[in-house]
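File shown here: structure-v6.txt, holding compact mmCIF, C-alpha atoms and all ligand atoms.
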# COMPACT_ATOMS: atom_id res chain seq x y z
CA MET A 179 1.90 11.50 13.70
CA PRO A 180 -0.84 10.66 11.22
CA ALA A 181 -4.13 9.17 12.36
CA GLN A 182 -3.64 5.78 13.98
CA SER A 183 -7.21 4.79 14.39
CA PRO A 184 -10.10 4.27 11.98
CA THR A 185 -10.97 7.72 10.77
CA THR A 186 -13.89 9.16 8.94
CA PRO A 187 -12.55 11.45 6.23
CA SER A 188 -14.20 14.72 7.20
CA THR A 189 -14.02 16.01 3.65
CA ALA A 190 -15.59 12.98 2.03
CA SER A 191 -18.95 14.55 1.21
CA SER A 192 -17.86 18.14 0.72
CA THR A 193 -15.20 17.25 -1.86
CA ALA A 194 -17.00 14.46 -3.68
CA SER A 195 -15.72 15.74 -7.01
CA ALA A 196 -12.08 15.56 -5.82
CA SER A 197 -12.62 12.02 -4.64
CA ALA A 198 -12.18 8.96 -6.85
CA LEU A 199 -13.20 6.64 -4.05
CA SER A 200 -14.68 7.41 -0.68
CA ILE A 201 -15.26 4.70 1.92
CA GLU A 202 -16.82 5.35 5.32
CA ARG A 203 -16.95 2.82 8.15
CA LEU A 204 -16.96 -0.18 5.82
CA VAL A 205 -17.75 -3.52 7.43
CA LYS A 206 -17.71 -6.78 5.49
CA GLU A 207 -18.44 -10.03 7.26
CA PHE A 208 -18.18 -13.51 5.82
CA PRO A 209 -19.34 -16.82 7.25
CA ALA A 210 -16.36 -18.24 9.13
CA ARG A 211 -15.99 -21.23 6.84
CA ARG A 212 -15.13 -19.87 3.41
CA ARG A 213 -18.04 -20.10 1.03
CA SER A 214 -19.76 -22.73 3.17
CA ARG A 215 -22.94 -20.63 3.20
CA PRO A 216 -23.91 -17.54 1.25
CA SER A 217 -24.29 -15.42 4.41
CA PRO A 218 -24.59 -15.94 8.16
CA GLY A 219 -27.99 -17.48 8.85
CA PRO A 220 -30.34 -15.96 11.44
CA GLY A 221 -28.94 -18.35 14.07
CA ALA A 222 -25.30 -17.58 13.39
CA THR A 223 -23.26 -16.52 16.38
CA ARG A 224 -20.52 -13.90 16.17
CA ALA A 225 -17.99 -16.75 16.26
CA ASP A 226 -19.44 -17.90 12.92
CA VAL A 227 -18.44 -14.66 11.31
CA VAL A 228 -15.11 -13.41 9.91
CA HIS A 229 -14.78 -9.63 9.97
CA ALA A 230 -12.75 -9.28 6.80
CA VAL A 231 -13.22 -5.50 6.96
CA ASN A 232 -14.08 -3.95 10.28
CA GLY A 233 -14.95 -0.23 10.14
CA LEU A 234 -12.49 0.95 7.51
CA SER A 235 -12.63 4.50 6.13
CA LEU A 236 -10.51 5.94 3.37
CA GLU A 237 -10.52 8.53 0.69
CA ALA A 238 -8.65 8.15 -2.61
CA ARG A 239 -8.26 11.49 -4.32
CA ARG A 240 -8.52 11.86 -8.08
CA GLY A 241 -5.25 11.79 -9.96
CA GLU A 242 -3.36 10.26 -7.06
CA VAL A 243 -1.97 6.83 -6.22
CA THR A 244 -3.56 5.48 -3.05
CA ALA A 245 -1.97 2.36 -1.59
CA LEU A 246 -3.50 -0.05 0.89
CA LEU A 247 -0.57 -1.66 2.63
CA GLY A 248 -0.90 -4.53 5.05
CA PRO A 249 -0.03 -8.14 5.81
CA ASN A 250 -1.85 -11.18 4.43
CA GLY A 251 -5.44 -11.33 5.59
CA ALA A 252 -5.58 -7.64 6.58
CA GLY A 253 -8.71 -7.01 4.51
CA LYS A 254 -7.18 -5.21 1.52
CA THR A 255 -8.66 -7.35 -1.24
CA THR A 256 -12.10 -7.41 0.36
CA THR A 257 -12.03 -3.61 0.63
CA LEU A 258 -11.16 -3.36 -3.06
CA GLU A 259 -13.87 -5.84 -3.97
CA CYS A 260 -16.46 -3.74 -2.11
CA ALA A 261 -15.12 -0.62 -3.85
CA GLN A 262 -15.42 -2.30 -7.24
CA GLY A 263 -18.98 -3.49 -6.60
CA LEU A 264 -17.94 -7.16 -6.53
CA GLN A 265 -18.91 -7.59 -2.87
CA ARG A 266 -21.85 -6.04 -1.10
CA PRO A 267 -20.82 -4.30 2.13
CA THR A 268 -22.37 -5.60 5.35
CA SER A 269 -22.55 -1.95 6.42
CA GLY A 270 -20.91 1.39 5.70
CA THR A 271 -20.82 3.58 2.64
CA VAL A 272 -18.79 3.24 -0.54
CA ARG A 273 -18.80 5.86 -3.31
CA LEU A 274 -16.84 5.29 -6.50
CA LEU A 275 -16.73 8.42 -8.68
CA GLY A 276 -19.66 9.60 -6.57
CA GLN A 277 -21.81 6.49 -7.14
CA ASP A 278 -22.64 3.32 -5.22
CA PRO A 279 -20.52 0.66 -6.96
CA TRP A 280 -22.85 -2.17 -5.88
CA ARG A 281 -25.58 -0.63 -8.05
CA ALA A 282 -23.16 0.66 -10.67
CA SER A 283 -24.45 1.47 -14.12
CA PRO A 284 -22.57 0.17 -17.19
CA ALA A 285 -21.55 3.82 -17.72
CA LEU A 286 -19.73 3.85 -14.36
CA ARG A 287 -18.12 0.46 -15.02
CA ALA A 288 -16.74 1.75 -18.33
CA ARG A 289 -14.83 4.44 -16.40
CA VAL A 290 -13.15 1.93 -14.10
CA GLY A 291 -10.37 -0.62 -14.75
CA VAL A 292 -9.86 -3.60 -12.50
CA MET A 293 -6.87 -5.91 -12.15
CA LEU A 294 -7.76 -8.77 -9.86
CA GLN A 295 -5.22 -10.53 -7.66
CA ASP A 296 -5.37 -13.90 -9.41
CA GLY A 297 -5.68 -12.33 -12.85
CA GLY A 298 -9.29 -13.46 -13.39
CA LEU A 299 -8.39 -14.20 -17.01
CA PRO A 300 -9.94 -16.78 -19.33
CA GLN A 301 -7.50 -19.69 -19.47
CA ALA A 302 -7.64 -21.02 -23.01
CA VAL A 303 -6.93 -17.87 -25.04
CA ARG A 304 -3.67 -16.27 -26.11
CA PRO A 305 -2.78 -12.95 -24.50
CA LEU A 306 -2.86 -10.85 -27.68
CA GLU A 307 -6.23 -12.20 -28.87
CA LEU A 308 -7.66 -11.60 -25.44
CA LEU A 309 -6.33 -8.04 -25.15
CA ARG A 310 -7.47 -7.09 -28.67
CA HIS A 311 -10.92 -8.46 -27.83
CA VAL A 312 -11.11 -6.54 -24.54
CA ALA A 313 -9.99 -3.34 -26.31
CA SER A 314 -12.67 -3.79 -28.97
CA LEU A 315 -15.34 -3.53 -26.26
CA TYR A 316 -14.45 0.14 -25.66
CA GLY A 317 -15.28 3.18 -27.78
CA SER A 318 -11.84 4.72 -27.45
CA PRO A 319 -9.42 2.02 -26.35
CA ARG A 320 -5.77 2.44 -25.50
CA ASN A 321 -3.24 1.47 -28.17
CA MET A 322 -2.85 -2.16 -27.14
CA ASP A 323 0.13 -2.93 -29.38
CA GLU A 324 2.09 -0.24 -27.58
CA LEU A 325 1.03 -1.54 -24.17
CA VAL A 326 1.79 -5.14 -25.14
CA GLU A 327 5.30 -4.14 -26.16
CA ARG A 328 5.85 -2.00 -23.09
CA LEU A 329 4.81 -4.79 -20.73
CA GLY A 330 6.86 -7.36 -22.66
CA ILE A 331 3.74 -9.40 -23.43
CA ASN A 332 4.90 -9.92 -27.02
CA GLY A 333 7.57 -12.25 -25.62
CA PHE A 334 4.88 -14.81 -24.74
CA ASP A 335 1.92 -13.84 -26.90
CA ARG A 336 1.65 -17.30 -28.49
CA THR A 337 1.21 -19.10 -25.16
CA VAL A 338 -2.29 -19.67 -23.82
CA VAL A 339 -3.04 -17.95 -20.50
CA ARG A 340 -3.22 -21.30 -18.66
CA ARG A 341 0.48 -21.92 -19.36
CA LEU A 342 1.75 -18.47 -18.38
CA SER A 343 3.72 -17.86 -15.21
CA GLY A 344 2.12 -15.87 -12.39
CA GLY A 345 4.10 -12.73 -13.28
CA GLN A 346 3.20 -13.02 -16.99
CA ARG A 347 -0.47 -13.37 -16.13
CA GLN A 348 -0.22 -10.28 -13.94
CA ARG A 349 1.09 -8.28 -16.87
CA VAL A 350 -1.75 -9.45 -19.14
CA ALA A 351 -4.29 -8.64 -16.41
CA LEU A 352 -2.77 -5.18 -16.04
CA ALA A 353 -2.99 -4.53 -19.79
CA ALA A 354 -6.64 -5.71 -19.79
CA ALA A 355 -7.45 -3.36 -16.89
CA LEU A 356 -6.04 -0.41 -18.85
CA ALA A 357 -7.63 -1.23 -22.22
CA GLY A 358 -10.54 1.21 -21.89
CA ARG A 359 -8.46 4.21 -20.71
CA PRO A 360 -10.16 4.10 -17.30
CA GLU A 361 -10.35 7.14 -15.02
CA VAL A 362 -9.91 4.94 -11.98
CA VAL A 363 -7.79 1.78 -11.90
CA PHE A 364 -7.79 -0.83 -9.13
CA LEU A 365 -4.64 -2.91 -8.95
CA ASP A 366 -4.60 -5.78 -6.47
CA GLU A 367 -0.95 -6.69 -5.75
CA PRO A 368 0.14 -5.50 -9.22
CA THR A 369 3.76 -6.65 -8.92
CA ALA A 370 3.22 -9.90 -7.03
CA GLY A 371 5.28 -12.76 -8.45
CA MET A 372 7.24 -10.52 -10.84
CA ASP A 373 10.98 -10.45 -11.36
CA PRO A 374 12.71 -7.13 -10.57
CA GLN A 375 12.79 -6.03 -14.22
CA SER A 376 9.05 -6.59 -14.72
CA ARG A 377 8.38 -4.88 -11.41
CA ASN A 378 10.22 -1.80 -12.59
CA ILE A 379 8.25 -1.76 -15.85
CA VAL A 380 4.97 -1.90 -13.90
CA VAL A 381 6.10 0.80 -11.47
CA ASP A 382 7.07 3.06 -14.42
CA LEU A 383 3.71 2.42 -16.06
CA VAL A 384 1.79 3.28 -12.89
CA GLN A 385 3.81 6.48 -12.58
CA GLN A 386 2.97 7.38 -16.17
CA LEU A 387 -0.75 6.71 -15.61
CA ARG A 388 -0.62 9.00 -12.62
CA ARG A 389 1.02 11.75 -14.68
CA GLU A 390 -1.80 11.35 -17.21
CA GLY A 391 -4.31 12.01 -14.40
CA THR A 392 -5.54 8.46 -13.76
CA SER A 393 -6.60 7.71 -10.19
CA ILE A 394 -4.93 4.51 -9.01
CA ILE A 395 -5.91 2.48 -6.00
CA LEU A 396 -3.65 -0.45 -5.29
CA THR A 397 -3.02 -3.01 -2.62
CA THR A 398 0.37 -4.33 -1.76
CA HIS A 399 2.31 -5.91 1.02
CA LEU A 400 5.54 -4.78 -0.62
CA LEU A 401 6.88 -1.73 1.18
CA ASP A 402 9.03 -0.76 -1.76
CA ASP A 403 6.02 -0.47 -4.04
CA ALA A 404 4.15 1.69 -1.59
CA GLN A 405 7.22 3.80 -0.93
CA ARG A 406 7.94 4.34 -4.64
CA LEU A 407 4.41 4.86 -5.89
CA ALA A 408 1.94 6.12 -3.35
CA ASP A 409 0.75 9.66 -2.72
CA GLN A 410 -1.30 8.37 0.19
CA VAL A 411 -0.73 5.17 2.12
CA TYR A 412 -3.32 3.45 4.29
CA ILE A 413 -1.75 0.88 6.57
CA VAL A 414 -4.41 -1.75 7.12
CA ASP A 415 -4.56 -4.57 9.63
CA HIS A 416 -7.43 -6.57 11.11
CA GLY A 417 -9.83 -4.88 8.66
CA ARG A 418 -9.04 -1.39 9.97
CA VAL A 419 -6.89 1.58 9.07
CA MET A 420 -3.99 1.61 11.52
CA ALA A 421 -2.27 4.70 10.09
CA GLN A 422 -2.60 6.92 7.07
CA GLY A 423 -0.73 9.69 5.34
CA SER A 424 1.89 10.34 2.70
CA VAL A 425 5.02 8.20 2.98
CA ALA A 426 6.92 11.27 4.25
CA GLU A 427 4.31 11.89 6.94
CA LEU A 428 4.22 8.26 8.02
CA VAL A 429 7.96 7.82 8.35
CA ALA A 430 8.64 11.23 9.90
CA PRO A 431 10.38 10.73 13.23
CA GLY A 432 8.53 12.08 16.23
CA GLU A 433 7.94 11.49 19.90
CA ASP A 434 6.32 8.10 19.34
CA ALA A 435 8.48 7.37 16.33
CA PRO A 436 12.13 6.95 17.24
CA ALA A 437 14.88 7.68 14.78
CA VAL A 438 18.34 6.14 14.93
CA LEU A 439 21.61 8.05 14.83
CA ALA A 440 24.69 5.88 14.51
CA LEU A 441 28.22 7.20 15.08
CA THR A 442 31.30 5.16 14.31
CA LEU A 443 34.49 6.34 15.97
CA ALA A 444 37.98 5.05 16.46
CA PRO A 445 38.10 3.28 19.89
CA GLU A 446 40.50 5.87 21.34
CA HIS A 447 38.00 8.60 20.47
CA LEU A 448 35.12 6.64 21.88
CA ASP A 449 36.74 6.77 25.29
CA ALA A 450 38.08 10.31 25.02
CA GLY A 451 36.47 12.79 27.38
CA ARG A 452 33.03 12.57 28.84
CA TRP A 453 30.14 11.80 26.53
CA PRO A 454 27.34 14.29 26.83
CA TRP A 455 24.58 11.75 27.56
CA GLU A 456 23.49 13.52 30.75
CA ALA A 457 22.78 16.78 28.91
CA PRO A 458 19.10 17.73 28.66
CA GLU A 459 19.12 17.24 24.87
CA PHE A 460 19.52 13.51 25.51
CA ALA A 461 16.40 13.02 27.60
CA GLY A 462 14.45 10.06 26.24
CA ILE A 463 17.34 8.85 24.07
CA GLN A 464 18.50 5.27 24.38
CA VAL A 465 22.23 4.91 24.02
CA ALA A 466 23.83 1.63 22.98
CA ARG A 467 27.52 1.15 22.42
CA ASP A 468 29.79 -1.50 21.02
CA GLU A 469 33.48 -1.40 20.17
CA ARG A 470 33.32 1.33 17.55
CA THR A 471 29.73 2.41 17.26
CA VAL A 472 27.38 4.43 19.41
CA THR A 473 23.72 4.16 18.50
CA LEU A 474 21.27 6.76 19.73
CA THR A 475 17.62 5.82 19.40
CA GLY A 476 14.80 8.22 20.12
CA PRO A 477 13.67 11.67 19.07
CA ILE A 478 16.78 12.88 17.23
CA THR A 479 16.48 16.67 17.14
CA PRO A 480 18.70 19.51 15.86
CA PRO A 481 19.71 20.45 19.47
CA LEU A 482 20.78 16.86 20.02
CA LEU A 483 22.88 16.90 16.84
CA GLU A 484 24.40 20.16 18.03
CA ALA A 485 25.29 18.63 21.40
CA VAL A 486 26.97 15.69 19.67
CA THR A 487 29.00 17.92 17.34
CA ARG A 488 29.95 20.16 20.28
CA TRP A 489 31.43 17.06 21.86
CA PHE A 490 33.39 16.34 18.67
CA THR A 491 34.78 19.89 18.78
CA ALA A 492 35.65 19.68 22.48
CA THR A 493 37.44 16.33 22.22
CA GLY A 494 38.79 16.59 18.69
CA ALA A 495 37.13 13.28 17.85
CA MET A 496 36.23 12.95 14.19
CA PRO A 497 33.63 10.26 13.49
CA GLU A 498 34.45 7.73 10.78
CA SER A 499 30.79 7.72 9.92
CA LEU A 500 27.68 9.43 11.17
CA SER A 501 24.31 8.38 9.83
CA LEU A 502 20.73 9.21 10.57
CA GLN A 503 18.86 6.10 9.56
CA PRO A 504 15.52 6.91 7.97
CA ARG A 505 12.43 5.17 9.22
CA THR A 506 10.67 2.93 6.76
CA LEU A 507 7.03 1.96 6.42
CA GLU A 508 8.09 -1.38 7.93
CA ASP A 509 9.19 0.48 11.11
CA VAL A 510 5.85 2.30 11.17
CA PHE A 511 3.95 -0.96 10.88
CA LEU A 512 6.14 -2.61 13.53
CA ASP A 513 5.52 0.30 15.91
CA ILE A 514 1.78 0.05 15.39
CA SER A 515 1.22 -3.67 15.37
CA GLY A 516 4.31 -5.12 17.03
CA ARG A 517 4.91 -7.45 14.08
CA GLU A 518 6.36 -7.42 10.62
CA ILE A 519 4.24 -6.68 7.60
CA ARG A 520 5.13 -9.80 5.59
N1 LIG A 601 -15.31 -15.19 0.91
C1 LIG A 601 -14.74 -15.26 2.10
N2 LIG A 601 -15.24 -16.09 3.05
C2 LIG A 601 -14.68 -16.17 4.30
N3 LIG A 601 -13.61 -15.44 4.68
C3 LIG A 601 -13.08 -14.60 3.78
C4 LIG A 601 -13.60 -14.47 2.44
N4 LIG A 601 -12.84 -13.55 1.78
C5 LIG A 601 -11.91 -13.14 2.66
N5 LIG A 601 -12.04 -13.77 3.84
C6 LIG A 601 -11.20 -13.58 5.05
O1 LIG A 601 -11.18 -12.19 5.33
C7 LIG A 601 -9.89 -11.79 5.78
C8 LIG A 601 -9.36 -10.69 4.88
O2 LIG A 601 -9.06 -11.25 3.60
P1 LIG A 601 -8.51 -10.37 2.38
O3 LIG A 601 -8.31 -11.31 1.23
O4 LIG A 601 -9.39 -9.21 2.18
O5 LIG A 601 -7.10 -9.89 2.96
P2 LIG A 601 -5.85 -9.27 2.20
O6 LIG A 601 -5.35 -8.17 3.04
O7 LIG A 601 -6.21 -8.94 0.80
O8 LIG A 601 -4.82 -10.46 2.21
P3 LIG A 601 -3.74 -10.93 1.08
O9 LIG A 601 -2.61 -9.97 1.18
O10 LIG A 601 -3.38 -12.29 1.55
O11 LIG A 601 -4.42 -10.92 -0.24
C9 LIG A 601 -9.05 -13.05 5.79
O12 LIG A 601 -9.07 -13.58 7.08
C10 LIG A 601 -9.76 -13.95 4.81
O13 LIG A 601 -9.53 -15.31 5.10
So that I can check it, write out the structure of this file as structure tokens.
Amino acid sequence: MPAQSPTTPSTASSTASASALSIERLVKEFPARRRSRPSPGPGATRADVVHAVNGLSLEARRGEVTALLGPNGAGKTTTLECAQGLQRPTSGTVRLLGQDPWRASPALRARVGVMLQDGGLPQAVRPLELLRHVASLYGSPRNMDELVERLGINGFDRTVVRRLSGGQRQRVALAAALAGRPEVVFLDEPTAGMDPQSRNIVVDLVQQLRREGTSIILTTHLLDDAQRLADQVYIVDHGRVMAQGSVAELVAPGEDAPAVLALTLAPEHLDAGRWPWEAPEFAGIQVARDERTVTLTGPITPPLLEAVTRWFTATGAMPESLSLQPRTLEDVFLDISGREIR
């Protein structure tokens, strides 16, 4: 099972060149009442403080998609803001392309693209004017006409930003973040508020950027997005990393991670002969049964499958269906936190 506690990436300093973003033990506190004071005063008690990020470590490798997945309020956006140099960490270390983003030079900023959660766009301009202007700020900008067409922005390019829907604004913000051909792109909830078609377009675009070698760091609370896009997933809750790894590693069944095997049989077969539940292969397996279906939950192993098929051979029972149900990132999060991610 991948790490389930805040970890310090041991390779962070030795492989700085392979790392797009390296965060070690990041803490970010805010005064408890949002923006009521710039920072906790000398007399502030701990109750006056919100730990938006609470000892989070992660490493985003170059050329990969790294996803921060977690429920609302987990600390994803604040982590990204610290990584982008928009927030100053209370403590901990952040290195973006090897540099401290809080003191970032314009040269570093030019290598980084940022798509903020609420778009962060000027309200009174039209999308195309805005995107052409943003592109003109870079020495070697991306072909914006191509991007505008790909993201379907030309369908609403005469409407001022203020009047766009949330999903349309997201697409403009994404195009703006990519204008300067950045090496590293931060995407905060890139598909939030989008219809399925727009979501697919954005997912395809992110996959293309990755193939081109762009490092992508995104936040999401959509499991699908993480499952489809991410090389590495960090499951975040309460400002900490609860688990990390590739999707395959995270969902792999194991001792602490039960899998589910469901067998559907005709009722006469269900009662034929003695089921092999007492056999040693079934230790630790929970068996539930209704009229036609037997569900085995626990560490489903090849010897267990063999024992089940032996029983089929012995009794002549042929299952109508037999399915090993894959674990999802939702299951992983449920196992860790005892609640759903949404
Ligand atoms: N400026 C701020 N002042 C006070 N509290 C803040 C501030 N910014 C964030 N927080 C709090 O810190 C916690 C983490 O917020 P953050 O926005 O980082 O979470 P998130 O995982 O991005 O959530 P969401 O999915 O809703 O965007 C929340 O409890 C939030 O209310």
Could you give me the residues within 7 Å of ligand LIG 601 (chain A), counting all atoms listed in the file, as a compact mmCIF listing (two decimals) with C-alpha atoms, in the frame of the given file?
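Dumped everything to part_28.txt:
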# COMPACT_ATOMS: atom_id res chain seq x y z
CA PHE A 208 -18.18 -13.51 5.82
CA PRO A 209 -19.34 -16.82 7.25
CA ALA A 210 -16.36 -18.24 9.13
CA ARG A 211 -15.99 -21.23 6.84
CA ARG A 212 -15.13 -19.87 3.41
CA ARG A 213 -18.04 -20.10 1.03
CA VAL A 228 -15.11 -13.41 9.91
CA HIS A 229 -14.78 -9.63 9.97
CA ALA A 230 -12.75 -9.28 6.80
CA VAL A 231 -13.22 -5.50 6.96
CA GLY A 248 -0.90 -4.53 5.05
CA PRO A 249 -0.03 -8.14 5.81
CA ASN A 250 -1.85 -11.18 4.43
CA GLY A 251 -5.44 -11.33 5.59
CA ALA A 252 -5.58 -7.64 6.58
CA GLY A 253 -8.71 -7.01 4.51
CA LYS A 254 -7.18 -5.21 1.52
CA THR A 255 -8.66 -7.35 -1.24
CA THR A 256 -12.10 -7.41 0.36
CA THR A 257 -12.03 -3.61 0.63
CA HIS A 399 2.31 -5.91 1.02
CA GLY A 417 -9.83 -4.88 8.66
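Using only C-alpha atoms, the smallest distance between any of A:Gly371, A:Gly291, A:Pro497, A:Pro284 and A:Leu352 comes from A:Gly291.
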Q | Contacts of A:Ala485 within 9 Å, only C-alpha atoms, excl. fewer than 4 positions in-chain, as a PyMOL selection string | A | chain A and resi 454+457+459-460+480-481+489-490
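When only C-alpha atoms are used to compute distances to A:Ile394, the closest of the residues A:Gln301, A:Ser318, A:Thr479, A:Ser197 turns out to be A:Ser197.
All protein and nucleic acid residues in the vicinity of (-14.3, 4.6, 0.8), that is within 6 Å when counting all atoms listed in the file, are Leu199, Ser200, Ile201, Glu202, Ser235, Leu236, Glu237 and Val272 of chain A.
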Q: For A:Ala404, please output as a count of residues only all residues within 10 Å (counting all atoms listed in the file; exclusion window: fewer than 2 positions along the same chain).
A: 22
Spatial neighbours of A:Asp468, 10 Å, all atoms listed in the file, chain gap at least 6 places, as a compact mmCIF listing (two decimals) with C-alpha atoms, keeping the file's coordinate frame:
# COMPACT_ATOMS: atom_id res chain seq x y z
CA THR A 442 31.30 5.16 14.31
CA PRO A 445 38.10 3.28 19.89
CA LEU A 448 35.12 6.64 21.88
Q: Would you mind listing what lies within 10 Å of stretch 376-386 of chain A as number ranges by chain, with only C-alpha atoms counted and same-chain residues fewer than 3 positions away left out?
A: A: 242-243, 325, 328-330, 345-346, 348-349, 352, 363, 365, 368-373, 389-394, 403, 406-408
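For the atom pair formed by atom CA of A:Ile463 and atom CA of A:Ala435, the distance is 11.9 Å, given to one decimal.
Closest approach to A:Pro458 among A:Arg470, A:Ala437, A:Leu482, A:Arg287: A:Leu482, based on all atoms listed in the file.
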Q) Quick one: distance from atom CA of A:Pro305 to atom CA of A:Gly241 in Å, one decimal? A) 28.8 Å
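Residue nearest A:Leu275, chosen from A:Cys260, A:Val362, A:Leu315, A:Ala430 and counting all atoms listed in the file: A:Val362.
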